[in-house]
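Quick look at coords-v7.txt (compact mmCIF, C-alpha atoms and all ligand atoms):
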# COMPACT_ATOMS: atom_id res chain seq x y z
CA MET C 1376 -94.40 -111.39 -156.55
CA ASN C 1377 -93.06 -114.95 -156.21
CA ALA C 1378 -90.04 -114.77 -153.83
CA SER C 1379 -88.60 -118.07 -155.09
CA ALA C 1380 -88.53 -116.85 -158.74
CA CYS C 1381 -87.12 -113.48 -157.76
CA SER C 1382 -83.62 -112.12 -158.54
CA PHE C 1383 -83.51 -110.26 -155.21
CA PRO C 1384 -85.33 -112.57 -152.74
CA ILE C 1385 -84.95 -110.18 -149.78
CA VAL C 1386 -86.49 -107.30 -151.72
CA CYS C 1387 -89.35 -109.53 -152.89
CA ARG C 1388 -89.95 -110.83 -149.38
CA VAL C 1389 -90.11 -107.28 -147.98
CA TRP C 1390 -92.52 -106.24 -150.73
CA LYS C 1391 -94.68 -109.33 -150.29
CA SER C 1392 -95.42 -108.66 -146.62
CA SER C 1393 -97.74 -105.80 -145.74
CA ILE C 1394 -95.45 -104.83 -142.84
CA GLY C 1395 -92.58 -104.60 -145.35
CA ARG C 1396 -94.59 -102.23 -147.55
CA LYS C 1397 -95.67 -100.19 -144.53
CA LEU C 1398 -92.01 -99.84 -143.62
CA ILE C 1399 -91.26 -98.68 -147.17
CA VAL C 1400 -94.03 -96.05 -146.89
CA ALA C 1401 -92.64 -94.89 -143.51
CA LEU C 1402 -88.97 -94.74 -144.54
CA THR C 1403 -89.60 -93.04 -147.89
CA GLY C 1404 -91.98 -90.68 -146.04
CA LEU C 1405 -89.12 -89.85 -143.68
CA VAL C 1406 -86.85 -89.03 -146.65
CA LEU C 1407 -89.54 -86.69 -148.05
CA VAL C 1408 -90.16 -85.09 -144.63
CA LEU C 1409 -86.42 -84.33 -144.34
CA PHE C 1410 -86.32 -83.01 -147.92
CA LEU C 1411 -89.19 -80.62 -147.10
CA ALA C 1412 -87.36 -79.21 -144.06
CA GLY C 1413 -84.20 -78.69 -146.15
CA HIS C 1414 -86.11 -77.19 -149.09
CA LEU C 1415 -87.97 -74.83 -146.76
CA ALA C 1416 -84.73 -73.67 -145.09
CA GLY C 1417 -83.26 -72.94 -148.55
CA ASN C 1418 -86.41 -71.15 -149.76
CA LEU C 1419 -86.46 -68.84 -146.75
CA VAL C 1420 -83.11 -67.42 -147.91
CA VAL C 1421 -85.31 -65.55 -150.43
CA PHE C 1422 -86.06 -63.08 -147.59
CA LEU C 1423 -82.34 -62.20 -147.36
CA GLY C 1424 -82.45 -60.72 -150.88
CA PRO C 1425 -81.35 -61.54 -154.45
CA LYS C 1426 -77.63 -62.12 -153.87
CA PRO C 1427 -77.85 -64.61 -150.96
CA PHE C 1428 -80.67 -66.53 -152.70
CA ASN C 1429 -78.83 -66.73 -156.04
CA ASP C 1430 -75.61 -67.71 -154.20
CA TYR C 1431 -77.57 -70.54 -152.58
CA ALA C 1432 -79.14 -71.64 -155.92
CA GLU C 1433 -75.71 -71.55 -157.58
CA PHE C 1434 -74.19 -73.61 -154.74
CA LEU C 1435 -76.92 -76.28 -155.12
CA HIS C 1436 -76.46 -76.53 -158.87
CA HIS C 1437 -72.65 -76.74 -158.67
CA PHE C 1438 -72.34 -78.92 -155.57
CA LEU C 1439 -70.00 -81.86 -156.41
CA HIS C 1440 -69.62 -80.40 -159.93
CA GLY C 1441 -73.36 -80.76 -160.55
CA ALA C 1442 -73.49 -84.40 -159.42
CA GLY C 1443 -75.01 -83.42 -156.03
CA VAL C 1444 -78.25 -82.08 -157.48
CA TRP C 1445 -78.63 -85.12 -159.76
CA GLY C 1446 -77.97 -87.51 -156.87
CA ALA C 1447 -80.65 -85.72 -154.82
CA ARG C 1448 -83.09 -85.75 -157.76
CA LEU C 1449 -82.67 -89.50 -158.33
CA GLY C 1450 -82.99 -90.21 -154.60
CA LEU C 1451 -86.16 -88.11 -154.38
CA LEU C 1452 -87.65 -89.72 -157.48
CA ALA C 1453 -87.00 -93.19 -156.07
CA ALA C 1454 -88.51 -92.18 -152.69
CA VAL C 1455 -91.65 -90.72 -154.32
CA ALA C 1456 -92.09 -93.74 -156.64
CA LEU C 1457 -91.71 -96.29 -153.81
CA HIS C 1458 -93.93 -94.24 -151.46
CA ILE C 1459 -96.74 -94.20 -154.03
CA ALA C 1460 -96.30 -97.80 -155.23
CA ALA C 1461 -96.35 -99.21 -151.69
CA THR C 1462 -99.35 -97.06 -150.68
CA VAL C 1463 -101.34 -98.03 -153.79
CA SER C 1464 -100.54 -101.70 -153.27
CA LEU C 1465 -101.49 -101.62 -149.56
CA THR C 1466 -104.72 -99.75 -150.27
CA ALA C 1467 -105.74 -102.18 -153.02
CA GLU C 1468 -104.91 -105.18 -150.85
CA ASN C 1469 -106.82 -103.80 -147.86
CA LYS C 1470 -109.85 -102.96 -149.96
CA ALA C 1471 -109.91 -106.45 -151.45
CA ALA C 1472 -109.37 -108.26 -148.16
CA ARG C 1473 -111.34 -105.74 -146.08
CA THR C 1474 -108.73 -106.13 -143.36
CA ALA C 1475 -108.63 -103.95 -140.29
CA TYR C 1476 -105.63 -101.93 -141.60
CA ALA C 1477 -107.74 -98.88 -142.42
CA LYS C 1478 -109.29 -98.91 -138.97
CA GLU C 1479 -106.39 -100.18 -137.02
CA THR C 1480 -105.33 -96.87 -135.49
CA ASN C 1481 -107.44 -94.24 -133.87
CA ILE C 1482 -105.49 -91.47 -135.68
CA GLN C 1483 -106.83 -92.90 -138.96
CA ALA C 1484 -110.29 -91.61 -138.10
CA SER C 1485 -109.31 -87.92 -138.46
CA THR C 1486 -110.24 -85.90 -141.55
CA SER C 1487 -106.55 -85.74 -142.56
CA GLY C 1488 -106.38 -89.54 -142.30
CA ARG C 1489 -109.48 -90.05 -144.42
CA ILE C 1490 -108.32 -87.73 -147.21
CA MET C 1491 -104.70 -89.03 -147.36
CA ILE C 1492 -105.18 -90.38 -150.89
CA TRP C 1493 -106.66 -87.06 -152.16
CA SER C 1494 -104.08 -84.86 -150.45
CA GLY C 1495 -101.38 -87.19 -151.83
CA ILE C 1496 -102.72 -86.96 -155.40
CA THR C 1497 -102.92 -83.14 -155.15
CA ILE C 1498 -99.32 -82.95 -153.85
CA LEU C 1499 -98.17 -85.12 -156.76
CA ALA C 1500 -99.99 -82.87 -159.26
CA PHE C 1501 -98.48 -79.84 -157.51
CA VAL C 1502 -94.92 -81.24 -157.69
CA ILE C 1503 -95.32 -81.93 -161.44
CA TYR C 1504 -96.59 -78.36 -161.96
CA HIS C 1505 -93.83 -76.95 -159.70
CA LEU C 1506 -91.11 -78.74 -161.72
CA MET C 1507 -92.53 -77.40 -165.00
CA HIS C 1508 -92.77 -73.91 -163.45
CA PHE C 1509 -89.41 -73.45 -161.68
CA THR C 1510 -87.10 -76.26 -162.90
CA LEU C 1511 -88.07 -76.77 -166.56
CA HIS C 1512 -89.44 -73.21 -167.06
CA LEU C 1513 -92.17 -74.48 -169.39
CA GLY C 1514 -94.36 -71.69 -170.78
CA ASN C 1515 -92.39 -68.93 -169.05
CA ALA C 1516 -89.20 -66.92 -169.61
CA TYR C 1517 -87.66 -67.56 -166.17
CA GLY C 1518 -84.89 -69.71 -167.64
CA GLY C 1519 -83.41 -66.63 -169.34
CA TYR C 1520 -83.35 -64.47 -166.18
CA GLN C 1521 -79.83 -63.40 -165.23
CA ASP C 1522 -78.60 -61.43 -162.22
CA GLU C 1523 -75.86 -58.78 -162.32
CA LEU C 1524 -73.19 -61.50 -162.02
CA GLY C 1525 -74.56 -63.27 -165.12
CA ARG C 1526 -75.98 -66.19 -163.10
CA HIS C 1527 -79.51 -67.61 -163.25
CA ASP C 1528 -81.69 -65.13 -161.33
CA ALA C 1529 -83.67 -67.60 -159.19
CA TRP C 1530 -84.75 -64.77 -156.83
CA LYS C 1531 -86.50 -62.80 -159.59
CA MET C 1532 -88.02 -66.08 -160.86
CA VAL C 1533 -89.63 -66.73 -157.46
CA ILE C 1534 -90.89 -63.13 -157.12
CA ASP C 1535 -92.32 -63.05 -160.67
CA GLY C 1536 -93.71 -66.58 -160.37
CA PHE C 1537 -95.67 -65.72 -157.23
CA SER C 1538 -96.72 -62.29 -158.52
CA VAL C 1539 -99.38 -64.10 -160.57
CA TRP C 1540 -102.13 -64.33 -157.95
CA TYR C 1541 -103.78 -67.54 -159.17
CA VAL C 1542 -100.40 -69.32 -159.27
CA SER C 1543 -99.88 -68.28 -155.64
CA ALA C 1544 -103.43 -69.40 -154.80
CA PHE C 1545 -102.71 -72.87 -156.25
CA TYR C 1546 -99.42 -73.09 -154.31
CA ILE C 1547 -101.19 -72.12 -151.07
CA LEU C 1548 -103.96 -74.69 -151.69
CA ALA C 1549 -101.40 -77.42 -152.43
CA MET C 1550 -99.35 -76.52 -149.35
CA THR C 1551 -102.50 -76.62 -147.20
CA LEU C 1552 -103.15 -80.17 -148.40
CA LEU C 1553 -99.46 -80.95 -147.84
CA CYS C 1554 -99.94 -79.76 -144.24
CA SER C 1555 -102.97 -82.06 -143.87
CA HIS C 1556 -101.01 -84.99 -145.38
CA LEU C 1557 -98.09 -84.41 -143.01
CA SER C 1558 -100.23 -83.95 -139.91
CA HIS C 1559 -101.51 -87.51 -140.35
CA GLY C 1560 -98.53 -89.03 -142.18
CA VAL C 1561 -95.84 -88.13 -139.65
CA GLY C 1562 -97.91 -89.71 -136.85
CA ALA C 1563 -98.47 -92.85 -138.96
CA MET C 1564 -94.72 -92.99 -139.65
CA PHE C 1565 -93.98 -93.01 -135.89
CA GLN C 1566 -96.57 -95.74 -135.47
CA THR C 1567 -95.09 -97.99 -138.19
CA LEU C 1568 -91.59 -97.50 -136.81
CA GLY C 1569 -92.87 -98.65 -133.41
CA LEU C 1570 -92.36 -95.25 -131.80
CA ARG C 1571 -95.97 -94.59 -130.89
CA SER C 1572 -97.29 -96.14 -127.71
CA LYS C 1573 -100.29 -95.19 -125.57
CA LYS C 1574 -97.96 -93.13 -123.42
CA SER C 1575 -96.13 -91.35 -126.24
CA ALA C 1576 -99.25 -90.86 -128.42
CA PRO C 1577 -99.96 -87.25 -127.27
CA LEU C 1578 -96.32 -86.28 -127.91
CA VAL C 1579 -96.36 -87.96 -131.34
CA THR C 1580 -99.59 -86.12 -132.23
CA ALA C 1581 -98.06 -82.81 -131.08
CA ILE C 1582 -94.89 -83.45 -133.13
CA SER C 1583 -96.78 -84.36 -136.32
CA LYS C 1584 -99.23 -81.47 -136.07
CA GLY C 1585 -96.47 -79.03 -135.05
CA TYR C 1586 -94.22 -80.12 -137.92
CA ALA C 1587 -97.09 -79.85 -140.44
CA LEU C 1588 -97.94 -76.35 -139.19
CA PHE C 1589 -94.29 -75.27 -139.30
CA ILE C 1590 -93.91 -76.50 -142.91
CA TRP C 1591 -97.20 -74.86 -143.95
CA LEU C 1592 -96.40 -71.47 -142.38
CA GLY C 1593 -92.86 -71.52 -143.75
CA PHE C 1594 -93.81 -72.32 -147.35
CA ILE C 1595 -96.86 -70.05 -147.58
CA SER C 1596 -94.92 -67.13 -146.05
CA ILE C 1597 -93.30 -66.51 -149.47
CA PRO C 1598 -96.43 -66.16 -151.68
CA VAL C 1599 -98.19 -64.34 -148.80
CA ALA C 1600 -95.31 -61.83 -148.42
CA ILE C 1601 -95.24 -61.20 -152.18
CA ASN C 1602 -99.01 -60.87 -152.71
CA PHE C 1603 -100.11 -59.22 -149.48
CA PHE C 1604 -97.04 -57.25 -148.35
CA GLY C 1605 -95.47 -56.32 -151.72
CA PHE C 1606 -92.23 -58.18 -150.89
CA GLY C 1607 -89.76 -58.02 -153.81
CA ARG C 1608 -92.00 -55.84 -155.96
C1 LIG S 1 -93.02 -71.30 -151.41
C2 LIG S 1 -92.88 -72.55 -151.81
C3 LIG S 1 -91.78 -73.03 -152.71
C4 LIG S 1 -90.82 -72.33 -153.38
C5 LIG S 1 -90.54 -70.84 -153.40
C6 LIG S 1 -90.02 -73.30 -154.09
C7 LIG S 1 -88.93 -73.00 -154.89
C8 LIG S 1 -88.22 -73.88 -155.63
C9 LIG S 1 -87.11 -73.56 -156.47
C10 LIG S 1 -86.56 -72.14 -156.68
C11 LIG S 1 -86.66 -74.70 -157.02
C12 LIG S 1 -85.41 -74.87 -157.89
C13 LIG S 1 -85.59 -74.83 -159.31
C14 LIG S 1 -84.23 -74.97 -159.93
O1 LIG S 1 -83.48 -74.00 -159.89
O2 LIG S 1 -83.93 -76.05 -160.45
C15 LIG S 1 -87.49 -75.77 -156.52
C16 LIG S 1 -87.35 -77.12 -156.85
C17 LIG S 1 -88.10 -78.13 -156.30
N1 LIG S 1 -89.10 -78.02 -155.38
FE1 LIG S 1 -89.77 -76.32 -154.61
N2 LIG S 1 -90.50 -74.57 -153.82
C18 LIG S 1 -91.58 -74.45 -152.98
C19 LIG S 1 -92.36 -75.47 -152.48
C20 LIG S 1 -92.15 -76.81 -152.71
C21 LIG S 1 -92.91 -77.89 -152.11
C22 LIG S 1 -94.06 -77.68 -151.13
C23 LIG S 1 -92.40 -79.05 -152.60
C24 LIG S 1 -92.81 -80.47 -152.34
C25 LIG S 1 -94.00 -80.86 -151.94
C26 LIG S 1 -91.32 -78.71 -153.51
C27 LIG S 1 -90.59 -79.62 -154.21
C28 LIG S 1 -89.57 -79.28 -155.09
C29 LIG S 1 -88.85 -80.25 -155.88
C30 LIG S 1 -89.07 -81.77 -155.87
C31 LIG S 1 -87.92 -79.53 -156.64
C32 LIG S 1 -86.97 -80.11 -157.67
C33 LIG S 1 -85.56 -79.99 -157.38
C34 LIG S 1 -84.85 -80.13 -158.71
O3 LIG S 1 -84.74 -81.26 -159.15
O4 LIG S 1 -84.48 -79.13 -159.29
N3 LIG S 1 -91.19 -77.34 -153.53
N4 LIG S 1 -88.42 -75.25 -155.66
Starting from the file, lay out its structure as structure tokens.
Ligand code: HEM
Amino acid sequence: MNASACSFPIVCRVWKSSIGRKLIVALTGLVLVLFLAGHLAGNLVVFLGPKPFNDYAEFLHHFLHGAGVWGARLGLLAAVALHIAATVSLTAENKAARTAYAKETNIQASTSGRIMIWSGITILAFVIYHLMHFTLHLGNAYGGYQDELGRHDAWKMVIDGFSVWYVSAFYILAMTLLCSHLSHGVGAMFQTLGLRSKKSAPLVTAISKGYALFIWLGFISIPVAINFFGFGR
């Protein structure tokens, strides 16, 4: 991108520098990390039963007269698009120039670091499937489910959705790769933001691995409870 022929020179300058794109990956990654924690907290309300979970789903859909959910969707879409575009651009540039970026950190050498692109692609495929499954209700009847108050029965949707074992198996596989992606990605985010030094490296590693494990256990607890402990059935 030519910064002089650009309508937003600052944006073009940030995008042109590899540090700028790394910052974009880190900051959009932070948005997605925070979304995951919030989404997990909301999902765990499923264990409180149908009414609390449907109350929560209704609150989300009506927050700010419905504008809240659309604001969050647009923000998430922008974060995902920028995260992918900046990563693809950095990877292509590094491959072409064979710079030291790929080997610049010792955390990059881990298995999670090496498979970042594959775990990322699987998570993207999972999110597309997940939206078709629970948001657009493509190929299922979940959109017509109603609870006793006449609201959308999101609780029954989750129980029925995960009662199909191979759907649960795909979710668990995707969340395992999400855990791998986070265990490397959160550490890399600290590094880019200048928060990882030799001294703080063990703490940063513990935080990224701990967060990834927490997210993994939290998300898989729902399909595991339904398939192995008969929860909701
Ligand atoms: C046990 C695991 C999960 C459950 C039970 C679950 C459940 C749900 C439910 C009920 C919705 C709302 C559908 C609606 O009413 O519109 C939703 C939306 C969504 N979920 Fe999940 N989810 C899980 C895991 C994940 C993961 C791991 C991610 C990301 C990697 C994710 C990303 C999203 C996104 C982006 C939306 C769209 C929000 C919207 O625009 O409606 N979910 N999920």
**Asked** Neighbours of ligand LIG 1 (chain S) within 9 Å, counting all atoms listed in the file, as a PyMOL selection string?
**Response** chain C and resi 1407+1410-1411+1414-1415+1417-1419+1421+1432-1433+1435-1436+1444-1445+1447-1449+1451-1452+1498-1499+1501-1503+1505-1506+1508-1512+1518+1527+1529-1530+1532-1534+1536-1537+1543+1546-1547+1549-1550+1553+1590-1591+1593-1598
Mind listing as a short mmCIF file (atom, residue, chain, number, x, y, z; two decimals) with C-alpha atoms, in the frame of the given file all residues within 7 Å of (-89.3, -93.1, -149.9), counting only C-alpha atoms?
data_model
loop_
_atom_site.label_atom_id
_atom_site.label_comp_id
_atom_site.auth_asym_id
_atom_site.auth_seq_id
_atom_site.Cartn_x
_atom_site.Cartn_y
_atom_site.Cartn_z
CA ILE C 1399 -91.26 -98.68 -147.17
CA VAL C 1400 -94.03 -96.05 -146.89
CA LEU C 1402 -88.97 -94.74 -144.54
CA THR C 1403 -89.60 -93.04 -147.89
CA GLY C 1404 -91.98 -90.68 -146.04
CA VAL C 1406 -86.85 -89.03 -146.65
CA LEU C 1407 -89.54 -86.69 -148.05
CA ALA C 1453 -87.00 -93.19 -156.07
CA ALA C 1454 -88.51 -92.18 -152.69
CA VAL C 1455 -91.65 -90.72 -154.32
CA LEU C 1457 -91.71 -96.29 -153.81
CA HIS C 1458 -93.93 -94.24 -151.46
#
**Prompt:** Hey, which of C:Met1507, C:Ala1412, C:Val1539, C:Leu1405 ends up closest to Arg1608 of chain C? Count all atoms listed in the file.
**Reply:**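 The closest residue to Arg1608 of chain C is C:Val1539.
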**Nearest residue to Phe1565 of chain C from the set C:Ala1442, C:Trp1390, C:Gly1605, C:Leu1398 (distances using only C-alpha atoms)** = C:Leu1398
**Prompt:** From the list C:Ser1485, C:Ser1464, C:Ser1572, C:Asn1602, which residue is nearest Trp1540 of chain C when using all atoms listed in the file?
**Reply:**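 Between C:Ser1485, C:Ser1464, C:Ser1572, C:Asn1602, the residue approaching Trp1540 of chain C most closely is C:Asn1602.
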**Message:** Using only C-alpha atoms for the distances, tell me which of C:Ala1516, C:Leu1592, C:Gly1562, C:Ala1456 is nearest to Leu1578 of chain C.
**Reply:** C:Gly1562
**Item:** Pick from C:Thr1462, C:Gly1441, C:His1556, C:Val1420 nearest to Thr1497 of chain C, counting only C-alpha atoms
**Value:**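 Ranked by minimum distance to Thr1497 of chain C, first place goes to C:His1556.
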**Message:** I need the residue nearest Ala1576 of chain C from this list: C:Tyr1517, C:Ser1538, C:Ala1563, C:Pro1427. Use only C-alpha atoms for the distance.
**Reply:** C:Ala1563
**Interatomic distance (Å, one decimal) between atom CA of Ala1544 of chain C and atom CA of Phe1606 of chain C** = 16.3 Å
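Note that atom CA of Ala1587 of chain C and atom CA of Ser1555 of chain C are 7.2 Å apart.
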Could segment 1487-1498 of chain C be completed with all heavy atoms and returned as a tab-separated table (two decimals), in the frame of the given file?
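After the write, part-v7.tsv holds the following:
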chain	number	residue	atom	x	y	z
C	1487	SER	N	-107.82	-85.62	-141.82
C	1487	SER	CA	-106.55	-85.74	-142.56
C	1487	SER	C	-106.30	-87.19	-142.94
C	1487	SER	O	-105.84	-87.47	-144.04
C	1487	SER	CB	-105.38	-85.26	-141.70
C	1487	SER	OG	-105.54	-83.93	-141.38
C	1488	GLY	N	-106.60	-88.12	-142.03
C	1488	GLY	CA	-106.38	-89.54	-142.30
C	1488	GLY	C	-107.27	-90.03	-143.42
C	1488	GLY	O	-106.84	-90.78	-144.28
C	1489	ARG	N	-108.53	-89.57	-143.40
C	1489	ARG	CA	-109.48	-90.05	-144.42
C	1489	ARG	C	-109.16	-89.51	-145.81
C	1489	ARG	O	-109.47	-90.14	-146.81
C	1489	ARG	CB	-110.91	-89.66	-144.02
C	1489	ARG	CG	-111.51	-90.60	-142.97
C	1489	ARG	CD	-113.02	-90.42	-142.89
C	1489	ARG	NE	-113.39	-89.02	-142.73
C	1489	ARG	CZ	-113.51	-88.41	-141.55
C	1489	ARG	NH1	-113.32	-89.09	-140.44
C	1489	ARG	NH2	-113.85	-87.15	-141.48
C	1490	ILE	N	-108.56	-88.30	-145.88
C	1490	ILE	CA	-108.32	-87.73	-147.21
C	1490	ILE	C	-106.87	-87.91	-147.67
C	1490	ILE	O	-106.44	-87.26	-148.62
C	1490	ILE	CB	-108.73	-86.24	-147.28
C	1490	ILE	CG1	-107.86	-85.38	-146.35
C	1490	ILE	CG2	-110.21	-86.06	-147.00
C	1490	ILE	CD1	-107.96	-83.89	-146.66
C	1491	MET	N	-106.12	-88.82	-147.00
C	1491	MET	CA	-104.70	-89.03	-147.36
C	1491	MET	C	-104.51	-89.23	-148.87
C	1491	MET	O	-103.62	-88.67	-149.49
C	1491	MET	CB	-104.12	-90.24	-146.63
C	1491	MET	CG	-103.73	-89.99	-145.20
C	1491	MET	SD	-102.62	-88.62	-144.96
C	1491	MET	CE	-101.03	-89.43	-145.01
C	1492	ILE	N	-105.36	-90.07	-149.47
C	1492	ILE	CA	-105.18	-90.38	-150.89
C	1492	ILE	C	-105.37	-89.11	-151.74
C	1492	ILE	O	-104.62	-88.85	-152.68
C	1492	ILE	CB	-106.12	-91.55	-151.32
C	1492	ILE	CG1	-105.84	-92.01	-152.74
C	1492	ILE	CG2	-107.58	-91.22	-151.21
C	1492	ILE	CD1	-104.68	-92.93	-152.82
C	1493	TRP	N	-106.37	-88.27	-151.38
C	1493	TRP	CA	-106.66	-87.06	-152.16
C	1493	TRP	C	-105.59	-85.99	-151.94
C	1493	TRP	O	-105.18	-85.30	-152.88
C	1493	TRP	CB	-108.06	-86.52	-151.84
C	1493	TRP	CG	-109.08	-87.57	-152.17
C	1493	TRP	CD1	-109.84	-88.28	-151.29
C	1493	TRP	CD2	-109.38	-88.09	-153.47
C	1493	TRP	NE1	-110.60	-89.19	-151.96
C	1493	TRP	CE2	-110.34	-89.10	-153.30
C	1493	TRP	CE3	-108.92	-87.80	-154.76
C	1493	TRP	CZ2	-110.85	-89.83	-154.37
C	1493	TRP	CZ3	-109.44	-88.52	-155.83
C	1493	TRP	CH2	-110.40	-89.52	-155.63
C	1494	SER	N	-105.15	-85.85	-150.68
C	1494	SER	CA	-104.08	-84.86	-150.45
C	1494	SER	C	-102.82	-85.33	-151.16
C	1494	SER	O	-102.11	-84.53	-151.78
C	1494	SER	CB	-103.85	-84.62	-148.95
C	1494	SER	OG	-103.62	-85.83	-148.27
C	1495	GLY	N	-102.57	-86.65	-151.16
C	1495	GLY	CA	-101.38	-87.19	-151.83
C	1495	GLY	C	-101.42	-86.94	-153.33
C	1495	GLY	O	-100.43	-86.51	-153.93
C	1496	ILE	N	-102.59	-87.18	-153.94
C	1496	ILE	CA	-102.72	-86.96	-155.40
C	1496	ILE	C	-102.51	-85.47	-155.73
C	1496	ILE	O	-101.84	-85.11	-156.70
C	1496	ILE	CB	-104.10	-87.47	-155.90
C	1496	ILE	CG1	-104.11	-89.01	-155.84
C	1496	ILE	CG2	-104.39	-86.99	-157.31
C	1496	ILE	CD1	-105.48	-89.64	-156.09
C	1497	THR	N	-103.08	-84.59	-154.89
C	1497	THR	CA	-102.92	-83.14	-155.15
C	1497	THR	C	-101.45	-82.73	-155.03
C	1497	THR	O	-100.94	-81.94	-155.82
C	1497	THR	CB	-103.77	-82.31	-154.16
C	1497	THR	OG1	-105.07	-82.85	-154.14
C	1497	THR	CG2	-103.82	-80.85	-154.56
C	1498	ILE	N	-100.75	-83.29	-154.03
C	1498	ILE	CA	-99.32	-82.95	-153.85
C	1498	ILE	C	-98.53	-83.41	-155.07
C	1498	ILE	O	-97.66	-82.70	-155.58
C	1498	ILE	CB	-98.77	-83.58	-152.54
C	1498	ILE	CG1	-99.46	-82.96	-151.33
C	1498	ILE	CG2	-97.25	-83.36	-152.44
C	1498	ILE	CD1	-99.29	-83.78	-150.05
